[in-house]
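Have a look at model.pdb below; it lists PDB, C-alpha atoms.
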```
ATOM      1  CA  TYR A 225       3.552  27.797   2.081  1.00  0.00           C
ATOM      2  CA  GLY A 226       6.489  29.460   3.722  1.00  0.00           C
ATOM      3  CA  LEU A 227       5.704  28.000   7.133  1.00  0.00           C
ATOM      4  CA  ALA A 228       7.123  24.512   6.685  1.00  0.00           C
ATOM      5  CA  GLY A 229       8.834  24.476  10.077  1.00  0.00           C
ATOM      6  CA  VAL A 230       5.612  25.282  11.907  1.00  0.00           C
ATOM      7  CA  ARG A 231       3.926  22.036  12.911  1.00  0.00           C
ATOM      8  CA  VAL A 232       0.226  22.816  13.134  1.00  0.00           C
ATOM      9  CA  GLY A 233      -2.746  21.648  11.192  1.00  0.00           C
ATOM     10  CA  TRP A 234      -6.466  21.856  10.827  1.00  0.00           C
ATOM     11  CA  LEU A 235      -9.245  19.410  10.187  1.00  0.00           C
ATOM     12  CA  LEU A 236     -12.485  19.657   8.230  1.00  0.00           C
ATOM     13  CA  ALA A 237     -14.828  16.799   9.039  1.00  0.00           C
ATOM     14  CA  ASP A 238     -18.156  15.893  10.526  1.00  0.00           C
ATOM     15  CA  PRO A 239     -18.440  16.480  14.310  1.00  0.00           C
ATOM     16  CA  ASP A 240     -18.087  12.769  15.219  1.00  0.00           C
ATOM     17  CA  THR A 241     -14.840  12.433  13.265  1.00  0.00           C
ATOM     18  CA  ILE A 242     -13.465  15.612  14.819  1.00  0.00           C
ATOM     19  CA  GLU A 243     -14.294  14.315  18.299  1.00  0.00           C
ATOM     20  CA  ARG A 244     -12.527  11.000  17.606  1.00  0.00           C
ATOM     21  CA  CYS A 245      -9.463  12.855  16.278  1.00  0.00           C
ATOM     22  CA  LEU A 246      -9.358  15.069  19.358  1.00  0.00           C
ATOM     23  CA  ARG A 247      -9.444  11.979  21.604  1.00  0.00           C
ATOM     24  CA  VAL A 248      -6.554  10.432  19.659  1.00  0.00           C
ATOM     25  CA  ARG A 249      -4.583  13.657  19.909  1.00  0.00           C
ATOM     26  CA  ASP A 250      -5.126  13.713  23.687  1.00  0.00           C
ATOM     27  CA  VAL A 251      -3.464  10.300  23.886  1.00  0.00           C
ATOM     28  CA  VAL A 252      -0.681  10.892  21.360  1.00  0.00           C
ATOM     29  CA  ASP A 253       0.192  14.540  21.935  1.00  0.00           C
ATOM     30  CA  ALA A 254      -1.953  16.331  24.493  1.00  0.00           C
ATOM     31  CA  VAL A 255      -0.157  19.657  24.094  1.00  0.00           C
ATOM     32  CA  GLY A 256       1.325  20.898  20.850  1.00  0.00           C
ATOM     33  CA  SER A 257       4.264  23.228  20.524  1.00  0.00           C
ATOM     34  CA  ILE A 258       3.180  26.573  21.976  1.00  0.00           C
ATOM     35  CA  PRO A 259       5.415  28.587  19.582  1.00  0.00           C
ATOM     36  CA  SER A 260       4.080  26.626  16.591  1.00  0.00           C
ATOM     37  CA  GLU A 261       0.474  27.028  17.696  1.00  0.00           C
ATOM     38  CA  THR A 262       0.974  30.770  18.264  1.00  0.00           C
ATOM     39  CA  ILE A 263       2.566  31.239  14.832  1.00  0.00           C
ATOM     40  CA  GLY A 264      -0.109  29.046  13.247  1.00  0.00           C
ATOM     41  CA  ALA A 265      -2.929  31.062  14.812  1.00  0.00           C
ATOM     42  CA  PHE A 266      -1.307  34.289  13.595  1.00  0.00           C
ATOM     43  CA  ALA A 267      -0.874  32.832  10.101  1.00  0.00           C
ATOM     44  CA  PHE A 268      -4.560  31.877   9.936  1.00  0.00           C
ATOM     45  CA  GLN A 269      -5.396  35.537  10.518  1.00  0.00           C
ATOM     46  CA  HIS A 270      -3.379  36.391   7.381  1.00  0.00           C
ATOM     47  CA  LEU A 271      -4.301  33.521   5.065  1.00  0.00           C
ATOM     48  CA  ASP A 272      -5.117  35.810   2.144  1.00  0.00           C
ATOM     49  CA  ARG A 273      -1.575  37.193   2.093  1.00  0.00           C
ATOM     50  CA  LEU A 274      -0.042  33.742   2.460  1.00  0.00           C
ATOM     51  CA  LEU A 275      -2.251  32.304  -0.279  1.00  0.00           C
ATOM     52  CA  ASP A 276      -1.480  35.183  -2.646  1.00  0.00           C
ATOM     53  CA  ARG A 277       2.237  34.663  -2.087  1.00  0.00           C
ATOM     54  CA  ALA A 278       1.923  30.901  -2.602  1.00  0.00           C
ATOM     55  CA  ARG A 279      -0.146  31.313  -5.774  1.00  0.00           C
ATOM     56  CA  THR A 280       2.389  33.748  -7.226  1.00  0.00           C
ATOM     57  CA  ILE A 281       5.274  31.360  -6.551  1.00  0.00           C
ATOM     58  CA  LEU A 282       3.429  28.286  -7.795  1.00  0.00           C
ATOM     59  CA  GLN A 283       2.088  29.873 -10.979  1.00  0.00           C
ATOM     60  CA  ALA A 284       5.553  31.039 -12.014  1.00  0.00           C
ATOM     61  CA  ASN A 285       7.144  27.703 -11.120  1.00  0.00           C
ATOM     62  CA  HIS A 286       4.419  25.717 -12.913  1.00  0.00           C
ATOM     63  CA  ARG A 287       5.160  27.724 -16.078  1.00  0.00           C
ATOM     64  CA  LEU A 288       8.901  27.126 -15.662  1.00  0.00           C
ATOM     65  CA  MET A 289       8.384  23.392 -15.161  1.00  0.00           C
ATOM     66  CA  GLY A 290       5.991  23.233 -18.106  1.00  0.00           C
ATOM     67  CA  ALA A 291       8.503  24.864 -20.421  1.00  0.00           C
ATOM     68  CA  PHE A 292      11.179  22.456 -19.200  1.00  0.00           C
ATOM     69  CA  VAL A 293       9.067  19.330 -19.760  1.00  0.00           C
ATOM     70  CA  GLU A 294       7.819  20.528 -23.151  1.00  0.00           C
ATOM     71  CA  GLY A 295      11.429  21.027 -24.246  1.00  0.00           C
ATOM     72  CA  ARG A 296      12.473  17.494 -23.292  1.00  0.00           C
ATOM     73  CA  LYS A 297      11.490  14.710 -25.683  1.00  0.00           C
ATOM     74  CA  GLU A 298      12.219  12.063 -23.051  1.00  0.00           C
ATOM     75  CA  LEU A 299       9.720  13.497 -20.550  1.00  0.00           C
ATOM     76  CA  ASP A 300       5.954  13.474 -20.384  1.00  0.00           C
ATOM     77  CA  TRP A 301       3.569  14.722 -17.717  1.00  0.00           C
ATOM     78  CA  LEU A 302       0.028  15.508 -16.826  1.00  0.00           C
ATOM     79  CA  VAL A 303      -0.086  19.220 -16.105  1.00  0.00           C
ATOM     80  CA  PRO A 304      -1.076  19.502 -12.447  1.00  0.00           C
ATOM     81  CA  ALA A 305      -4.197  21.550 -11.727  1.00  0.00           C
ATOM     82  CA  GLY A 306      -2.426  23.031  -8.729  1.00  0.00           C
ATOM     83  CA  GLY A 307      -0.268  22.110  -5.797  1.00  0.00           C
ATOM     84  CA  GLY A 308       3.399  22.276  -5.097  1.00  0.00           C
ATOM     85  CA  VAL A 309       4.763  19.270  -6.980  1.00  0.00           C
ATOM     86  CA  ALA A 310       5.173  18.042 -10.538  1.00  0.00           C
ATOM     87  CA  PHE A 311       5.350  14.342 -11.374  1.00  0.00           C
ATOM     88  CA  PRO A 312       6.856  13.873 -14.850  1.00  0.00           C
ATOM     89  CA  ARG A 313       7.473  10.480 -16.427  1.00  0.00           C
ATOM     90  CA  LEU A 314      10.805   9.482 -17.940  1.00  0.00           C
ATOM     91  CA  LEU A 315       9.792   7.766 -21.177  1.00  0.00           C
ATOM     92  CA  GLY A 316      11.283   4.385 -21.996  1.00  0.00           C
ATOM     93  CA  VAL A 317      12.249   3.673 -18.384  1.00  0.00           C
ATOM     94  CA  ASP A 318      10.320   1.327 -16.107  1.00  0.00           C
ATOM     95  CA  ASP A 319      11.923   2.614 -12.897  1.00  0.00           C
ATOM     96  CA  VAL A 320      13.730   5.958 -12.567  1.00  0.00           C
ATOM     97  CA  SER A 321      15.396   5.064  -9.250  1.00  0.00           C
ATOM     98  CA  ASP A 322      18.815   4.345 -10.791  1.00  0.00           C
ATOM     99  CA  PHE A 323      18.686   7.551 -12.842  1.00  0.00           C
ATOM    100  CA  VAL A 324      17.630   9.611  -9.814  1.00  0.00           C
ATOM    101  CA  GLU A 325      20.544   8.262  -7.773  1.00  0.00           C
ATOM    102  CA  TRP A 326      22.988   8.748 -10.667  1.00  0.00           C
ATOM    103  CA  ALA A 327      21.765  12.341 -11.212  1.00  0.00           C
ATOM    104  CA  ARG A 328      22.235  13.075  -7.516  1.00  0.00           C
ATOM    105  CA  ARG A 329      25.775  11.683  -7.486  1.00  0.00           C
ATOM    106  CA  HIS A 330      26.977  13.122 -10.790  1.00  0.00           C
ATOM    107  CA  HIS A 331      24.986  16.346 -11.126  1.00  0.00           C
ATOM    108  CA  ASP A 332      24.085  17.225  -7.534  1.00  0.00           C
ATOM    109  CA  VAL A 333      20.386  17.441  -8.379  1.00  0.00           C
ATOM    110  CA  GLY A 334      17.707  15.936  -6.193  1.00  0.00           C
ATOM    111  CA  VAL A 335      14.326  14.677  -7.299  1.00  0.00           C
ATOM    112  CA  THR A 336      12.246  12.006  -5.595  1.00  0.00           C
ATOM    113  CA  PRO A 337      11.842   8.664  -7.368  1.00  0.00           C
ATOM    114  CA  GLY A 338       8.293   7.662  -8.196  1.00  0.00           C
ATOM    115  CA  SER A 339       8.846   4.210  -6.699  1.00  0.00           C
ATOM    116  CA  LEU A 340       8.138   5.836  -3.330  1.00  0.00           C
ATOM    117  CA  PHE A 341       4.625   6.571  -4.660  1.00  0.00           C
ATOM    118  CA  ASP A 342       4.070   3.236  -6.467  1.00  0.00           C
ATOM    119  CA  THR A 343       4.729   4.939  -9.812  1.00  0.00           C
ATOM    120  CA  PRO A 344       8.341   3.997 -10.594  1.00  0.00           C
ATOM    121  CA  ALA A 345       8.571   5.524 -14.091  1.00  0.00           C
ATOM    122  CA  HIS A 346       7.919   8.997 -12.654  1.00  0.00           C
ATOM    123  CA  PHE A 347       9.819  11.366 -10.381  1.00  0.00           C
ATOM    124  CA  ARG A 348       8.654  14.184  -8.165  1.00  0.00           C
ATOM    125  CA  VAL A 349       9.902  17.768  -8.467  1.00  0.00           C
ATOM    126  CA  ALA A 350       9.101  20.341  -5.783  1.00  0.00           C
ATOM    127  CA  LEU A 351       7.591  23.552  -7.185  1.00  0.00           C
ATOM    128  CA  ALA A 352       6.881  25.504  -4.006  1.00  0.00           C
ATOM    129  CA  GLY A 353      10.331  26.997  -3.456  1.00  0.00           C
ATOM    130  CA  GLU A 354      12.243  29.949  -4.775  1.00  0.00           C
ATOM    131  CA  ARG A 355      12.254  30.278  -8.550  1.00  0.00           C
ATOM    132  CA  SER A 356      16.055  30.545  -8.708  1.00  0.00           C
ATOM    133  CA  VAL A 357      16.403  27.209  -6.906  1.00  0.00           C
ATOM    134  CA  LEU A 358      14.004  25.531  -9.335  1.00  0.00           C
ATOM    135  CA  GLU A 359      15.790  27.107 -12.326  1.00  0.00           C
ATOM    136  CA  THR A 360      19.132  25.765 -11.121  1.00  0.00           C
ATOM    137  CA  GLY A 361      17.633  22.358 -10.356  1.00  0.00           C
ATOM    138  CA  LEU A 362      16.038  22.077 -13.784  1.00  0.00           C
ATOM    139  CA  GLN A 363      19.277  23.131 -15.455  1.00  0.00           C
ATOM    140  CA  LEU A 364      21.131  20.382 -13.564  1.00  0.00           C
ATOM    141  CA  LEU A 365      18.371  17.876 -14.287  1.00  0.00           C
ATOM    142  CA  GLY A 366      18.586  18.779 -17.979  1.00  0.00           C
ATOM    143  CA  GLN A 367      22.344  18.171 -17.929  1.00  0.00           C
ATOM    144  CA  ALA A 368      21.770  14.806 -16.258  1.00  0.00           C
ATOM    145  CA  LEU A 369      19.197  13.857 -18.895  1.00  0.00           C
ATOM    146  CA  ASP A 370      21.580  14.956 -21.667  1.00  0.00           C
ATOM    147  CA  ASP A 371      24.445  12.948 -20.183  1.00  0.00           C
ATOM    148  CA  ARG A 372      22.334   9.795 -19.969  1.00  0.00           C
ATOM    149  CA  GLY A 373      21.671  10.090 -23.692  1.00  0.00           C
ATOM    150  CA  GLY A 374      18.131  11.496 -23.395  1.00  0.00           C
TER     151      GLY A 374
END
```

Spell out the structure here as structure tokens.
Amino acid sequence: YGLAGVRVGWLLADPDTIERCLRVRDVVDAVGSIPSETIGAFAFQHLDRLLDRARTILQANHRLMGAFVEGRKELDWLVPAGGGVAFPRLLGVDDVSDFVEWARRHHDVGVTPGSLFDTPAHFRVALAGERSVLETGLQLLGQALDDRGG
């Protein structure tokens, strides 16, 4: 978390799978971005600090999202065990896509419709960002839900 613009990754697998992936990478992208790889290598040396920061952000934002969902009778969710997204369900709606688009147009709030994940009654909310951004987003989402009669 906090390094979204850095395009590096890592792979945990058995040696044969790793070898096949390396061969594919040689064909697709033999050399990665040197700045990204340098930053990524540095970040891996400081994973504890990055993980502590991410956990602090996510724990606070999970609590904020939980309080929001619990205060909305038209929403339901399975509390995520971790991670940077929430995936609440809008009760009584088969597909939230129209609501998501309406909320974006009329309330300037962006969530991702669940139809993109084969779960159209749900929507995705990012939890990995700054708390103030999530607070504002949830306030706008609440206004959108109120205005739709929820």

Inset, instruction - Find the residues near range 334-340 of chain A: any atom within 8 Å, counting all atoms listed in the file, skip ones fewer than 2 places away on the same chain, and give them as a VMD selection string. - result: chain A and resid 311 319 to 321 324 327 to 328 332 342 to 350 361

Inset, instruction - Provide the CA of Ala368 in chain A to CA of Glu325 in chain A distance in Å, to one decimal place. - result: 10.8 Å

Contact table range 284-355 of chain A vs range 261-280 of chain A, cut-off 12 Å, shortest pair per residue, only C-alpha atoms, as JSON lines:
```
{"residue": "A:Ala284", "atom": "CA", "partner": "A:Thr280", "partner_atom": "CA", "distance": 6.3}
{"residue": "A:Asn285", "atom": "CA", "partner": "A:Thr280", "partner_atom": "CA", "distance": 8.6}
{"residue": "A:His286", "atom": "CA", "partner": "A:Thr280", "partner_atom": "CA", "distance": 10.0}
{"residue": "A:Arg287", "atom": "CA", "partner": "A:Thr280", "partner_atom": "CA", "distance": 11.1}
{"residue": "A:Gly306", "atom": "CA", "partner": "A:Arg279", "partner_atom": "CA", "distance": 9.1}
{"residue": "A:Gly307", "atom": "CA", "partner": "A:Arg279", "partner_atom": "CA", "distance": 9.2}
{"residue": "A:Gly308", "atom": "CA", "partner": "A:Ala278", "partner_atom": "CA", "distance": 9.1}
{"residue": "A:Leu351", "atom": "CA", "partner": "A:Ala278", "partner_atom": "CA", "distance": 10.4}
{"residue": "A:Ala352", "atom": "CA", "partner": "A:Ala278", "partner_atom": "CA", "distance": 7.5}
{"residue": "A:Gly353", "atom": "CA", "partner": "A:Ala278", "partner_atom": "CA", "distance": 9.3}
{"residue": "A:Glu354", "atom": "CA", "partner": "A:Ala278", "partner_atom": "CA", "distance": 10.6}
{"residue": "A:Arg355", "atom": "CA", "partner": "A:Thr280", "partner_atom": "CA", "distance": 10.5}
```

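Closest to Trp326 in chain A among A:Val309, A:Leu369, A:Ile258, A:Ile242 is A:Leu369, based on only C-alpha atoms.
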
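Relative to CA of Val230 in chain A, CA of Leu362 in chain A is found at 27.9 Å.
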
Legend entry - range 288-293 of chain A environment, 9 Å, all atoms listed in the file, sequence neighbours closer than 4 positions dropped, as a ChimeraX atom specification: /A:283-284,297-301,303,310,312,349,351,355,358-359,362-363,366

Output as JSON the centre and edge lengths (Å, one decimal) of the box along x, y and z of the file that holds every listed atom of range 275-278 of chain A after adding 6 Å on each side.
```
{"center_x": 0.0, "center_y": 33.0, "center_z": -1.5, "size_x": 16.5, "size_y": 16.3, "size_z": 14.4}
```

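CA of Ser257 in chain A sits 7.7 Å away from CA of Arg231 in chain A.
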
Inset, instruction - Have a look at A:Thr241, A:Ile281, A:Val255, A:Arg296 and name the one nearest to Asp370 in chain A; count all atoms listed in the file. - result: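 Checking each of A:Thr241, A:Ile281, A:Val255, A:Arg296 against Asp370 in chain A, counting all atoms listed in the file, the winner is A:Arg296.
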
Inset, instruction - Would you please work out which residue, of A:Asp371, A:Gly295, A:Thr360, A:Leu302, is nearest to Phe323 in chain A when using all atoms listed in the file? - result: A:Asp371
